[in-house]
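Asker: After the structure tokens below, expect a handful of questions from me.
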There are 2 protein chains.
Amino acid sequence: MKKITDSTLTQISKHLNLSISTVSRAINGQSKKYRISEKTTKVIIEAAKKFKYEPNELARSLRLKKSNTIGVIVPDITNPFFAVVVRWIENAARLNDKIIFISDSNNDTEFEKIAIKAFSSRKIDGLIVAPVGNESFHLSEMNQLDIPIVIIDRYLDKLNLPFVGSNNYEGSKEATKYLIGKGHQKIAFNQGLKKSKLNLDRVRGYCDALNENGIAINHNLIVGENFNEQSGYEAAKFLLSKNTGITAIFTASNQIALGTIKAIKEKKLHIPNDISLLSFDNQSYWDFFSPPITTVEQQTKKIADKAYNLLSEMIKKNKIIGNSKIQLSTKLIKRKSVKDKVKKAWK
Amino acid sequence: MKKITDSTLTQISKHLNLSISTVSRAINGQSKKYRISEKTTKVIIEAAKKFKYEPNELARSLRLKKSNTIGVIVPDITNPFFAVVVRWIENAARLNDKIIFISDSNNDTEFEKIAIKAFSSRKIDGLIVAPVGNESFHLSEMNQLDIPIVIIDRYLDKLNLPFVGSNNYEGSKEATKYLIGKGHQKIAFNQGLKKSKLNLDRVRGYCDALNENGIAINHNLIVGENFNEQSGYEAAKFLLSKNTGITAIFTASNQIALGTIKAIKEKKLHIPNDISLLSFDNQSYWDFFSPPITTVEQQTKKIADKAYNLLSEMIKKNKIIGNSKIQLSTKLIKRKSVKDKVKKAWK
DNA sequence: TTGTAGGCGTTATCAC
DNA sequence: GTGATAACGCCTACAA
């Protein structure tokens with residue numbers, strides 16, 4: 001960090017025999033306000049260019065109590081869903097001359113805490129977090145420190161923090177209904193993190209769809225522990241090892257779907273003839289699978305934009321907008337991974 | 001940022017009727033060095049806990065000329081290759097109590113410049129960048145400011161900056177030879193950013209493999225403009241609209257491959273019977289394509305680790321380790337997207 | 001064993 | 001029109 005050519009206001013002011021204040025004001029475009037002569041202003045601007053002056057934002061932040069940085073924490077940056085959200089958040093932030101600290105919590109609350117502490121001591125202006133979801137004390141603590149927080153993706157019930165995400169209940173219900181409509185009765189659900197509200201919502205949507213169609217819920221068909229590929233694989237493997245008679249699996253995330261497909265392939269089963277598959281999270285690559293996978297699409301850009309705007313407003317107004325809960329609609333993208341059992345029966 | 005319970009050394013020292021220095025020293029574990037009595041130390045530590053003291057890293061950074069932050073710039077965070085690299089860099093950084101600023105340059109040098117400026121004014125300790133690749137002045141400028149930089153993925157010829165990436169030439173050559181070995185003669189190359197060294201290396205590997213096997217290079221078969229899906233799609237579409245007689249396409253990135261597959265599907269052609277496909281960048285989802293796609297795998301974790309360690313060393317020693325160029329080997333992951341024309345001929 | 005004072009680079013307030 | 005000074009919160013050389 002010891003820059004050779006690092007220039008400061010002091011250096012420029014000494015070189016020009018002017019006071020630091022004058023230089024600062026001219027550089028910050030306040031010449032008119034402070035009636036600094038055009039000549040002086042010009043001289044200062046030129047010197048700043050010559051010395052490649054670049055304000056030290058650390059010093060500015062300290063003085064102004066505003067760092068123009070925001071923190072973003074996601075459970076898994078390698079999941080394209082979160083990567084896309086991060087990208088859009090950065091795009092929005094850039095328009096406000098803010099930059100972002102990133103942390104991948106790896107679905108581990110401990111890492112989430114570490115990141116929060118580090119971000120907080122760097123005085124971020126605000127935080128957008130897709131929480132792991134099984135604990136929330138550290139978040140409410142940060143909120144008490146008056147750092148605005150917006151939660152995305154995984155809603156936390158206990159907290160009164162603004163949230164932006166999808167309407168998981170409806171999305172899940174619609175998908176399950178679609179499966180039922182295609183003649184499936186024994187439908188398994190390969191779920192994500194059990195205790196998380198997001199997962200609970202998706203489970204509830206699944207259950208309600210079954211109930212409303214007079215299908216009894218078999219809790220043995222609800223499997224899985226987490227949102228990652230590994231959990232999806234293991235749960236599916238377990239499921240397929242039993243004699244359950246299932247004809248379709250609904251998975252709670254793209255990563256779970258990947259793991260499920262792996263298990264299905266290992267069992268030498270074919271989608272959709274032997275078993276149908278439907279998953280949350282749309283990705284461009286689903287189009288190219290064999291067969292293309294039917295999915296529930298979330299509005300990622302909208303989630304990112306709304307979250308950023310909400311945070312931005314909270315930062316500006318310096319107040320916590322508690323409990324605004326935005327749930328965006330999802331869209332069922334129909335491809336070829338669900339077998340139409342009704343059609344077949346008619347033949 | 002106006003924290004209600006924000007506590008500072010001053011506050012604690014006033015509350016305890018001790019000097020700021022004593023409090024600072026005790027909190028920083030320097031009690032022994034400065035012979036602060038156990039009693040005082042204890043009192044201070046307890047007060048710090050009570051007030052939830054958390055050092056202001058902005059102030060510390062300013063004073064110590066070290067921010068414990070590093071910047072990471074990638075051309076496309078939604079590309080799993082870069083997402084994985086970012087994740088491993090963060091993992092390494094976390095062990096050193098460093099946090100990272102992220103920027104997605106969106107393959108645009110202008111955004112890269114904006115990020116660099118913002119990072120530099122925040123006094124990052126170092127920068128890891130996967131550059132867009134067609135310009136490098138802004139990078140050398142930053143380097144002159146004495147901020148350590150490590151380049152990853154896309155090597156920049158003109159610069160004397162340390163680089164960590166794959167041996168693209170060999171990887172590309174091996175892949176092309178594999179195609180030739182399977183009986184392919186008319187092989188197209190759907191390339192990335194034309195002027196980038198990385199792309200040039202991959203093109204060179206492709207050309208040399210052809211040459212060494214006595215196959216003349218047809219420049220009409222080298223298409224594409226950039227590393228993204230869109231470019232891959234358009235180039236493949238163009239290619240397939242001509243009567244070239246190609247039997248295989250080699251693509252320079254996973255995103256290009258996705259676009260190429262889209263174009264192939266639109267043309268109602270089948271992989272590998274109508275056309276074979278081989279791509280750079282391995283992903284777990286390639287296994288599930290129809291057919292599974294043969295790829296050239298890069299050692300992402302190793303790239304991230306080596307880059308971080310190199311940067312870390314440069315930061316510690318406060319010197320620029322110019323021109324160390326690390327090129328890691330790649331691995332051909334054979335799946336089912338390449339047709340064995342030789343075998344067929346024998347039948 | 002603890003305290004004082006200066007400075008990191010800015011900006012805001014007050015003075016001339 | 002411009003300048004001096006204090007303050008943001010922290011660390012450290014030097015005092016005591």
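Note on naming: chains are A, B, ... as they come in the structure tokens, residues start from 1 per chain, ligands start from 1 in the order shown.
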Superimpose chain B on chain A so that the squared distances between all in-order C-alpha pairs are minimised, and send the result as a compact mmCIF listing (two decimals) with C-alpha atoms, in the first residue's frame.
Answerer:
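Ended up saving to selection_11.txt:
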```
# COMPACT_ATOMS: atom_id res chain seq x y z
CA MET B 1 0.04 0.03 0.08
CA LYS B 2 3.00 2.35 0.29
CA LYS B 3 2.41 4.00 -2.99
CA ILE B 4 5.31 5.74 -4.61
CA THR B 5 3.25 8.31 -6.41
CA ASP B 6 0.45 8.44 -3.89
CA SER B 7 -0.60 12.03 -3.66
CA THR B 8 -2.63 13.69 -0.94
CA LEU B 9 -4.34 16.99 -0.48
CA THR B 10 -1.51 18.08 1.77
CA GLN B 11 1.09 17.42 -0.87
CA ILE B 12 -0.79 19.30 -3.51
CA SER B 13 -1.48 22.21 -1.19
CA LYS B 14 2.15 22.49 -0.21
CA HIS B 15 3.26 22.36 -3.78
CA LEU B 16 0.88 25.15 -4.68
CA ASN B 17 1.30 27.17 -1.54
CA LEU B 18 -2.40 26.97 -0.86
CA SER B 19 -4.27 25.69 2.13
CA ILE B 20 -5.57 22.15 2.26
CA SER B 21 -9.13 23.40 2.50
CA THR B 22 -8.92 25.36 -0.70
CA VAL B 23 -7.50 22.42 -2.55
CA SER B 24 -10.09 20.10 -1.10
CA ARG B 25 -12.91 22.44 -2.02
CA ALA B 26 -11.73 23.00 -5.55
CA ILE B 27 -11.28 19.29 -6.16
CA ASN B 28 -14.69 18.55 -4.75
CA GLY B 29 -16.28 21.01 -7.16
CA GLN B 30 -17.19 23.49 -4.49
CA SER B 31 -15.34 26.41 -6.02
CA LYS B 32 -18.47 28.39 -6.62
CA LYS B 33 -19.89 27.78 -3.21
CA TYR B 34 -16.70 29.07 -1.62
CA ARG B 35 -15.95 31.69 -4.26
CA ILE B 36 -12.59 30.30 -5.15
CA SER B 37 -11.23 32.22 -8.13
CA GLU B 38 -11.29 30.53 -11.48
CA LYS B 39 -7.57 30.87 -11.73
CA THR B 40 -6.91 29.12 -8.45
CA THR B 41 -9.40 26.44 -9.28
CA LYS B 42 -7.75 25.79 -12.58
CA VAL B 43 -4.31 25.58 -11.05
CA ILE B 44 -5.55 23.14 -8.45
CA ILE B 45 -7.35 20.90 -10.90
CA GLU B 46 -4.29 20.76 -13.07
CA ALA B 47 -2.02 19.93 -10.19
CA ALA B 48 -4.43 17.21 -9.12
CA LYS B 49 -4.26 15.71 -12.58
CA LYS B 50 -0.53 16.01 -12.72
CA PHE B 51 -0.11 14.27 -9.40
CA LYS B 52 -2.82 11.78 -10.28
CA TYR B 53 -4.63 12.71 -7.14
CA GLU B 54 -7.14 10.16 -6.00
CA PRO B 55 -9.01 10.76 -2.77
CA ASN B 56 -8.30 8.33 0.01
CA GLU B 57 -11.71 6.81 0.57
CA LEU B 58 -10.60 5.34 3.85
CA ALA B 59 -10.02 8.80 5.26
CA ARG B 60 -13.17 10.13 3.66
CA SER B 61 -15.25 7.31 5.06
CA LEU B 62 -13.85 7.85 8.49
CA ARG B 63 -14.60 11.52 8.38
CA LEU B 64 -17.99 11.32 6.69
CA LYS B 65 -19.24 8.23 8.46
CA LYS B 66 -20.18 6.73 5.15
CA SER B 67 -18.09 4.23 3.31
CA ASN B 68 -19.98 3.76 0.07
CA THR B 69 -19.55 0.06 0.39
CA ILE B 70 -22.15 -2.60 0.90
CA GLY B 71 -21.75 -6.18 1.96
CA VAL B 72 -23.29 -9.13 0.18
CA ILE B 73 -23.41 -12.60 1.68
CA VAL B 74 -24.68 -15.62 -0.20
CA PRO B 75 -24.66 -19.28 0.82
CA ASP B 76 -23.01 -20.46 -2.38
CA ILE B 77 -21.63 -18.21 -5.06
CA THR B 78 -21.06 -21.15 -7.40
CA ASN B 79 -24.81 -21.62 -7.56
CA PRO B 80 -25.73 -19.61 -10.66
CA PHE B 81 -28.86 -18.37 -8.95
CA PHE B 82 -26.81 -16.47 -6.41
CA ALA B 83 -24.11 -15.50 -8.89
CA VAL B 84 -26.73 -13.81 -11.03
CA VAL B 85 -28.19 -12.02 -8.04
CA VAL B 86 -24.74 -10.81 -7.03
CA ARG B 87 -24.08 -9.56 -10.52
CA TRP B 88 -27.28 -7.53 -10.60
CA ILE B 89 -26.66 -6.12 -7.17
CA GLU B 90 -23.24 -4.97 -8.28
CA ASN B 91 -24.69 -3.41 -11.39
CA ALA B 92 -27.13 -1.44 -9.29
CA ALA B 93 -24.48 -0.46 -6.78
CA ARG B 94 -22.11 0.75 -9.46
CA LEU B 95 -24.63 3.38 -10.51
CA ASN B 96 -24.33 4.80 -7.01
CA ASP B 97 -20.56 4.63 -6.91
CA LYS B 98 -20.72 1.95 -4.31
CA ILE B 99 -18.62 -1.18 -4.31
CA ILE B 100 -19.36 -4.47 -2.70
CA PHE B 101 -17.73 -6.82 -0.28
CA ILE B 102 -18.65 -10.39 -1.03
CA SER B 103 -18.74 -13.44 1.16
CA ASP B 104 -19.70 -17.00 0.39
CA SER B 105 -20.96 -18.45 3.65
CA ASN B 106 -20.81 -21.95 2.22
CA ASN B 107 -24.16 -22.64 3.89
CA ASP B 108 -22.48 -22.33 7.25
CA THR B 109 -23.76 -19.90 9.85
CA GLU B 110 -20.31 -19.59 11.39
CA PHE B 111 -18.86 -18.20 8.17
CA GLU B 112 -21.83 -15.90 7.92
CA LYS B 113 -21.00 -14.53 11.36
CA ILE B 114 -17.36 -14.04 10.49
CA ALA B 115 -18.30 -12.10 7.38
CA ILE B 116 -20.78 -9.94 9.22
CA LYS B 117 -18.23 -9.04 11.84
CA ALA B 118 -15.61 -8.18 9.26
CA PHE B 119 -18.07 -6.14 7.21
CA SER B 120 -19.38 -4.33 10.23
CA SER B 121 -15.93 -3.28 11.38
CA ARG B 122 -15.26 -1.94 7.90
CA LYS B 123 -18.36 0.20 8.35
CA ILE B 124 -20.35 -0.96 5.38
CA ASP B 125 -23.33 1.25 4.63
CA GLY B 126 -25.65 -1.70 4.36
CA LEU B 127 -25.91 -5.44 3.97
CA ILE B 128 -27.78 -7.73 1.62
CA VAL B 129 -27.76 -11.28 2.80
CA ALA B 130 -29.20 -14.55 1.64
CA PRO B 131 -28.94 -16.17 5.04
CA VAL B 132 -28.14 -19.79 5.70
CA GLY B 133 -31.40 -19.75 7.49
CA ASN B 134 -31.22 -21.71 10.69
CA GLU B 135 -30.10 -18.95 13.00
CA SER B 136 -30.62 -15.24 13.05
CA PHE B 137 -29.34 -13.69 16.23
CA HIS B 138 -26.20 -12.35 14.61
CA LEU B 139 -28.34 -10.59 12.04
CA SER B 140 -30.63 -8.90 14.49
CA GLU B 141 -27.57 -7.85 16.44
CA MET B 142 -26.11 -6.15 13.42
CA ASN B 143 -29.40 -4.52 12.76
CA GLN B 144 -29.36 -3.09 16.25
CA LEU B 145 -26.03 -1.55 15.40
CA ASP B 146 -28.06 0.47 12.96
CA ILE B 147 -26.65 -1.06 9.82
CA PRO B 148 -29.47 -1.48 7.32
CA ILE B 149 -30.04 -5.06 6.27
CA VAL B 150 -32.13 -6.58 3.53
CA ILE B 151 -32.72 -10.30 3.53
CA ILE B 152 -33.07 -12.07 0.21
CA ASP B 153 -34.07 -15.55 -0.87
CA ARG B 154 -34.48 -17.13 2.53
CA TYR B 155 -36.96 -15.44 4.78
CA LEU B 156 -36.36 -15.43 8.50
CA ASP B 157 -39.52 -15.57 10.52
CA LYS B 158 -38.19 -14.42 13.82
CA LEU B 159 -36.70 -11.25 12.45
CA ASN B 160 -38.42 -8.07 11.53
CA LEU B 161 -36.15 -7.36 8.61
CA PRO B 162 -37.20 -6.37 5.11
CA PHE B 163 -37.24 -9.31 2.77
CA VAL B 164 -37.18 -9.78 -0.98
CA GLY B 165 -37.64 -13.18 -2.52
CA SER B 166 -39.99 -15.41 -4.39
CA ASN B 167 -43.39 -16.60 -3.45
CA ASN B 168 -42.12 -20.05 -2.70
CA TYR B 169 -45.40 -21.37 -1.46
CA GLU B 170 -47.26 -20.54 -4.65
CA GLY B 171 -44.39 -21.59 -6.88
CA SER B 172 -44.17 -24.94 -5.20
CA LYS B 173 -47.90 -25.42 -5.20
CA GLU B 174 -48.21 -24.62 -8.89
CA ALA B 175 -45.45 -27.06 -9.73
CA THR B 176 -46.94 -29.83 -7.66
CA LYS B 177 -50.38 -29.23 -9.17
CA TYR B 178 -48.81 -29.48 -12.58
CA LEU B 179 -47.38 -32.86 -11.68
CA ILE B 180 -50.73 -33.99 -10.36
CA GLY B 181 -52.40 -32.73 -13.49
CA LYS B 182 -50.09 -34.94 -15.49
CA GLY B 183 -51.39 -37.91 -13.57
CA HIS B 184 -48.75 -38.25 -10.87
CA GLN B 185 -49.90 -39.33 -7.43
CA LYS B 186 -46.81 -40.58 -5.69
CA ILE B 187 -44.62 -37.52 -5.80
CA ALA B 188 -41.48 -37.22 -3.72
CA PHE B 189 -40.03 -33.92 -2.55
CA ASN B 190 -36.26 -33.59 -2.33
CA GLN B 191 -36.03 -30.64 0.00
CA GLY B 192 -33.43 -28.11 1.11
CA LEU B 193 -32.42 -27.01 4.58
CA LYS B 194 -35.21 -28.43 6.71
CA LYS B 195 -35.65 -25.70 9.25
CA SER B 196 -35.42 -22.80 6.83
CA LYS B 197 -38.55 -20.83 6.17
CA LEU B 198 -37.90 -20.96 2.45
CA ASN B 199 -37.88 -24.72 2.52
CA LEU B 200 -40.88 -24.87 4.80
CA ASP B 201 -42.81 -22.70 2.34
CA ARG B 202 -41.92 -24.97 -0.52
CA VAL B 203 -42.86 -28.03 1.48
CA ARG B 204 -46.14 -26.40 2.43
CA GLY B 205 -46.94 -25.60 -1.18
CA TYR B 206 -46.24 -29.19 -2.10
CA CYS B 207 -48.36 -30.55 0.74
CA ASP B 208 -51.28 -28.22 0.12
CA ALA B 209 -51.37 -29.11 -3.56
CA LEU B 210 -51.52 -32.77 -2.64
CA ASN B 211 -54.17 -32.22 0.00
CA GLU B 212 -56.35 -30.15 -2.24
CA ASN B 213 -56.30 -32.99 -4.71
CA GLY B 214 -57.16 -35.57 -2.15
CA ILE B 215 -53.76 -37.16 -2.09
CA ALA B 216 -52.53 -38.19 1.34
CA ILE B 217 -49.14 -36.93 2.36
CA ASN B 218 -46.52 -39.58 2.87
CA HIS B 219 -43.75 -38.12 4.99
CA ASN B 220 -41.34 -40.78 3.86
CA LEU B 221 -41.42 -39.14 0.46
CA ILE B 222 -40.11 -35.87 1.81
CA VAL B 223 -36.35 -36.29 1.91
CA GLY B 224 -33.17 -34.21 1.88
CA GLU B 225 -31.21 -32.06 4.27
CA ASN B 226 -29.76 -29.12 2.40
CA PHE B 227 -29.79 -27.11 -0.80
CA ASN B 228 -26.60 -28.50 -2.28
CA GLU B 229 -25.85 -31.18 -4.84
CA GLN B 230 -24.48 -33.61 -2.30
CA SER B 231 -27.60 -33.59 -0.19
CA GLY B 232 -29.75 -33.90 -3.30
CA TYR B 233 -27.75 -36.88 -4.43
CA GLU B 234 -27.82 -38.72 -1.14
CA ALA B 235 -31.49 -38.13 -0.51
CA ALA B 236 -32.44 -39.26 -4.01
CA LYS B 237 -30.26 -42.31 -3.72
CA PHE B 238 -31.93 -43.24 -0.47
CA LEU B 239 -35.35 -42.61 -1.94
CA LEU B 240 -34.70 -44.72 -5.02
CA SER B 241 -33.35 -47.59 -2.94
CA LYS B 242 -36.75 -48.01 -1.30
CA ASN B 243 -39.77 -49.48 -2.89
CA THR B 244 -41.91 -46.39 -2.79
CA GLY B 245 -43.64 -46.54 -6.11
CA ILE B 246 -42.95 -42.84 -6.79
CA THR B 247 -43.41 -41.64 -10.34
CA ALA B 248 -42.07 -38.10 -9.90
CA ILE B 249 -39.56 -36.13 -7.88
CA PHE B 250 -39.85 -32.43 -7.17
CA THR B 251 -36.54 -30.87 -6.11
CA ALA B 252 -36.14 -27.68 -4.11
CA SER B 253 -33.16 -26.21 -5.96
CA ASN B 254 -31.04 -26.52 -9.08
CA GLN B 255 -28.18 -28.05 -7.10
CA ILE B 256 -30.48 -30.62 -5.53
CA ALA B 257 -31.77 -31.43 -9.01
CA LEU B 258 -28.23 -32.05 -10.25
CA GLY B 259 -27.63 -34.47 -7.40
CA THR B 260 -30.97 -36.14 -7.99
CA ILE B 261 -30.24 -36.64 -11.67
CA LYS B 262 -26.95 -38.22 -10.76
CA ALA B 263 -28.71 -40.69 -8.47
CA ILE B 264 -31.33 -41.45 -11.12
CA LYS B 265 -28.65 -42.12 -13.72
CA GLU B 266 -26.78 -44.39 -11.35
CA LYS B 267 -29.95 -46.39 -10.86
CA LYS B 268 -30.15 -46.69 -14.65
CA LEU B 269 -33.55 -45.08 -14.62
CA HIS B 270 -34.74 -42.78 -17.38
CA ILE B 271 -36.36 -39.37 -17.14
CA PRO B 272 -39.27 -39.06 -17.75
CA ASN B 273 -40.24 -42.59 -18.67
CA ASP B 274 -39.20 -44.22 -15.42
CA ILE B 275 -39.43 -41.14 -13.29
CA SER B 276 -40.43 -37.52 -13.82
CA LEU B 277 -38.44 -34.57 -12.53
CA LEU B 278 -39.33 -30.98 -11.80
CA SER B 279 -37.09 -28.49 -10.05
CA PHE B 280 -36.94 -25.05 -8.55
CA ASP B 281 -34.50 -22.58 -10.18
CA ASN B 282 -34.32 -22.11 -13.90
CA GLN B 283 -30.98 -22.14 -15.71
CA SER B 284 -30.15 -21.91 -19.38
CA TYR B 285 -28.41 -25.26 -19.25
CA TRP B 286 -31.63 -27.09 -18.33
CA ASP B 287 -32.62 -26.76 -21.96
CA PHE B 288 -29.82 -29.07 -23.00
CA PHE B 289 -30.32 -31.88 -20.56
CA SER B 290 -31.66 -35.18 -21.66
CA PRO B 291 -34.50 -34.56 -21.46
CA PRO B 292 -34.74 -30.80 -20.90
CA ILE B 293 -35.78 -30.20 -17.31
CA THR B 294 -39.05 -28.53 -16.33
CA THR B 295 -38.40 -25.86 -13.72
CA VAL B 296 -39.81 -23.10 -11.55
CA GLU B 297 -38.19 -19.84 -12.54
CA GLN B 298 -37.47 -17.03 -10.10
CA GLN B 299 -37.12 -13.40 -11.09
CA THR B 300 -33.48 -12.99 -10.17
CA LYS B 301 -32.88 -9.53 -11.61
CA LYS B 302 -35.98 -8.20 -9.95
CA ILE B 303 -34.98 -9.70 -6.63
CA ALA B 304 -31.58 -8.06 -6.85
CA ASP B 305 -32.94 -4.71 -7.97
CA LYS B 306 -35.66 -4.54 -5.36
CA ALA B 307 -33.28 -5.60 -2.63
CA TYR B 308 -30.76 -2.99 -3.64
CA ASN B 309 -33.32 -0.23 -3.92
CA LEU B 310 -34.80 -1.09 -0.57
CA LEU B 311 -31.38 -1.04 1.02
CA SER B 312 -30.51 2.17 -0.73
CA GLU B 313 -33.60 3.84 0.60
CA MET B 314 -32.87 2.66 4.09
CA ILE B 315 -29.36 4.02 3.85
CA LYS B 316 -30.53 7.38 2.59
CA LYS B 317 -33.29 7.84 5.10
CA ASN B 318 -31.15 6.31 7.77
CA LYS B 319 -33.97 4.29 9.08
CA ILE B 320 -34.94 0.71 9.29
CA ILE B 321 -37.89 -0.16 7.15
CA GLY B 322 -38.97 -3.09 9.19
CA ASN B 323 -40.88 -6.03 7.96
CA SER B 324 -41.55 -5.11 4.36
CA LYS B 325 -41.90 -8.49 2.77
CA ILE B 326 -41.76 -8.63 -0.99
CA GLN B 327 -42.62 -11.94 -2.57
CA LEU B 328 -42.25 -12.09 -6.32
CA SER B 329 -44.16 -14.50 -8.45
CA THR B 330 -42.50 -17.49 -10.05
CA LYS B 331 -43.05 -19.00 -13.44
CA LEU B 332 -43.31 -22.62 -14.44
CA ILE B 333 -41.04 -23.35 -17.40
CA LYS B 334 -42.40 -26.46 -19.02
CA ARG B 335 -39.87 -28.71 -20.74
CA LYS B 336 -39.74 -32.44 -21.19
CA SER B 337 -38.88 -33.98 -17.85
CA VAL B 338 -42.44 -34.65 -16.76
CA LYS B 339 -44.24 -37.61 -18.22
CA ASP B 340 -47.84 -37.17 -19.19
CA LYS B 341 -49.40 -40.21 -17.59
CA VAL B 342 -52.91 -39.09 -18.43
CA LYS B 343 -52.27 -38.96 -22.14
CA LYS B 344 -50.69 -42.38 -22.08
CA ALA B 345 -53.65 -43.85 -20.29
CA TRP B 346 -55.95 -42.59 -23.01
CA LYS B 347 -54.04 -44.13 -25.81
```
Asker: Please identify the alpha helix (DSSP H) residues within range 102-286 of chain A (assignment by DSSP from backbone atoms) and present them as a PyMOL selection string.
Answerer: chain A and resi 109-121+137-144+168-181+197-212+229-241+254-266
Asker: Each residue of chain D with at least one atom at most 9 Å from chain B should appear once, together with its nearest atom pair and the corresponding distance in Å (one decimal); atoms considered: only C-alpha atoms (C1' of nucleotides); ordering: chain, then increasing residue number; output as a tab-separated table.
Answerer:
```
residue	atom	partner	partner_atom	distance
D:DC8	C1'	B:Ala59	CA	8.1
D:DG9	C1'	B:Ala59	CA	5.2
D:DC10	C1'	B:Arg60	CA	5.2
D:DC11	C1'	B:Arg63	CA	6.7
D:DT12	C1'	B:Ser21	CA	8.8
```
Asker: Could you write those residues out with N, CA and C atoms (P, O5', C5', C4', C3', O3' and C1' of nucleotides), as a tab-separated table (two decimals), in the first residue's frame?
Answerer:
```
chain	number	residue	atom	x	y	z
D	8	DC	P	-14.72	13.25	17.13
D	8	DC	O5'	-15.02	12.13	16.06
D	8	DC	C5'	-15.76	12.34	14.87
D	8	DC	C4'	-15.26	11.36	13.84
D	8	DC	C3'	-14.60	10.12	14.42
D	8	DC	O3'	-15.57	9.08	14.54
D	8	DC	C1'	-13.35	11.02	12.56
D	9	DG	P	-15.74	8.29	15.93
D	9	DG	O5'	-14.48	7.34	15.98
D	9	DG	C5'	-14.40	6.26	15.06
D	9	DG	C4'	-13.04	5.64	15.16
D	9	DG	C3'	-12.64	5.17	16.57
D	9	DG	O3'	-12.34	3.80	16.48
D	9	DG	C1'	-10.90	6.44	15.59
D	10	DC	P	-11.65	2.96	17.57
D	10	DC	O5'	-10.13	3.04	17.13
D	10	DC	C5'	-9.74	2.35	15.93
D	10	DC	C4'	-8.32	2.68	15.59
D	10	DC	C3'	-7.30	2.16	16.60
D	10	DC	O3'	-6.74	0.98	16.05
D	10	DC	C1'	-6.79	4.38	15.85
D	11	DC	P	-5.72	0.13	16.98
D	11	DC	O5'	-4.32	0.86	16.78
D	11	DC	C5'	-3.69	0.75	15.50
D	11	DC	C4'	-2.40	1.54	15.54
D	11	DC	C3'	-1.34	0.99	16.50
D	11	DC	O3'	-0.14	0.92	15.76
D	11	DC	C1'	-1.70	3.30	16.89
D	12	DT	P	1.09	0.09	16.37
D	12	DT	O5'	2.07	1.26	16.78
D	12	DT	C5'	2.38	2.29	15.84
D	12	DT	C4'	3.26	3.32	16.53
D	12	DT	C3'	4.25	2.73	17.53
D	12	DT	O3'	5.44	3.49	17.46
D	12	DT	C1'	2.90	4.29	18.60
```
Asker: Identify all chain C residues at most 9 Å from chain A by counting only C-alpha atoms (C1' of nucleotides); ligands do not count. Present them as an MDAnalysis selection string.
Answerer: chainID C and resid 8:11
Asker: At a cut-off of 12 Å, using only C-alpha atoms (C1' of nucleotides), what residues contact DC16 in chain C? Leave out same-chain residues fewer than 6 positions from it and give the result as a list in words.
Answerer: DG1, DT2, DG3 and DA4 of chain D
Asker: Give me every strand (DSSP E) residue in range 154-339 of chain A, going by DSSP on the backbone, as a short mmCIF file (atom, residue, chain, number, x, y, z; two decimals) with C-alpha atoms, in the first residue's frame.
Answerer:
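Written out: states09.cif:
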```cif
data_model
loop_
_atom_site.label_atom_id
_atom_site.label_comp_id
_atom_site.auth_asym_id
_atom_site.auth_seq_id
_atom_site.Cartn_x
_atom_site.Cartn_y
_atom_site.Cartn_z
CA PHE A 163 -37.24 -9.33 2.77
CA VAL A 164 -37.19 -9.79 -0.98
CA GLY A 165 -37.65 -13.21 -2.51
CA SER A 166 -40.01 -15.43 -4.38
CA ILE A 187 -44.63 -37.56 -5.81
CA ALA A 188 -41.50 -37.26 -3.72
CA PHE A 189 -40.07 -33.96 -2.56
CA ASN A 190 -36.29 -33.63 -2.34
CA ILE A 222 -40.14 -35.91 1.82
CA VAL A 223 -36.38 -36.34 1.92
CA ALA A 248 -42.09 -38.15 -9.92
CA ILE A 249 -39.58 -36.16 -7.88
CA PHE A 250 -39.86 -32.47 -7.19
CA THR A 251 -36.56 -30.89 -6.12
CA SER A 276 -40.43 -37.56 -13.82
CA LEU A 277 -38.45 -34.61 -12.53
CA LEU A 278 -39.34 -31.02 -11.80
CA SER A 279 -37.11 -28.52 -10.05
CA PHE A 280 -36.96 -25.08 -8.56
CA THR A 294 -39.05 -28.56 -16.33
CA THR A 295 -38.42 -25.88 -13.71
CA VAL A 296 -39.83 -23.12 -11.55
CA GLU A 297 -38.20 -19.86 -12.54
CA LYS A 325 -41.91 -8.51 2.77
CA ILE A 326 -41.77 -8.65 -0.98
CA GLN A 327 -42.64 -11.97 -2.57
CA LEU A 328 -42.26 -12.11 -6.31
CA LYS A 331 -43.06 -19.02 -13.45
CA LEU A 332 -43.34 -22.65 -14.44
CA ILE A 333 -41.06 -23.38 -17.40
#
```
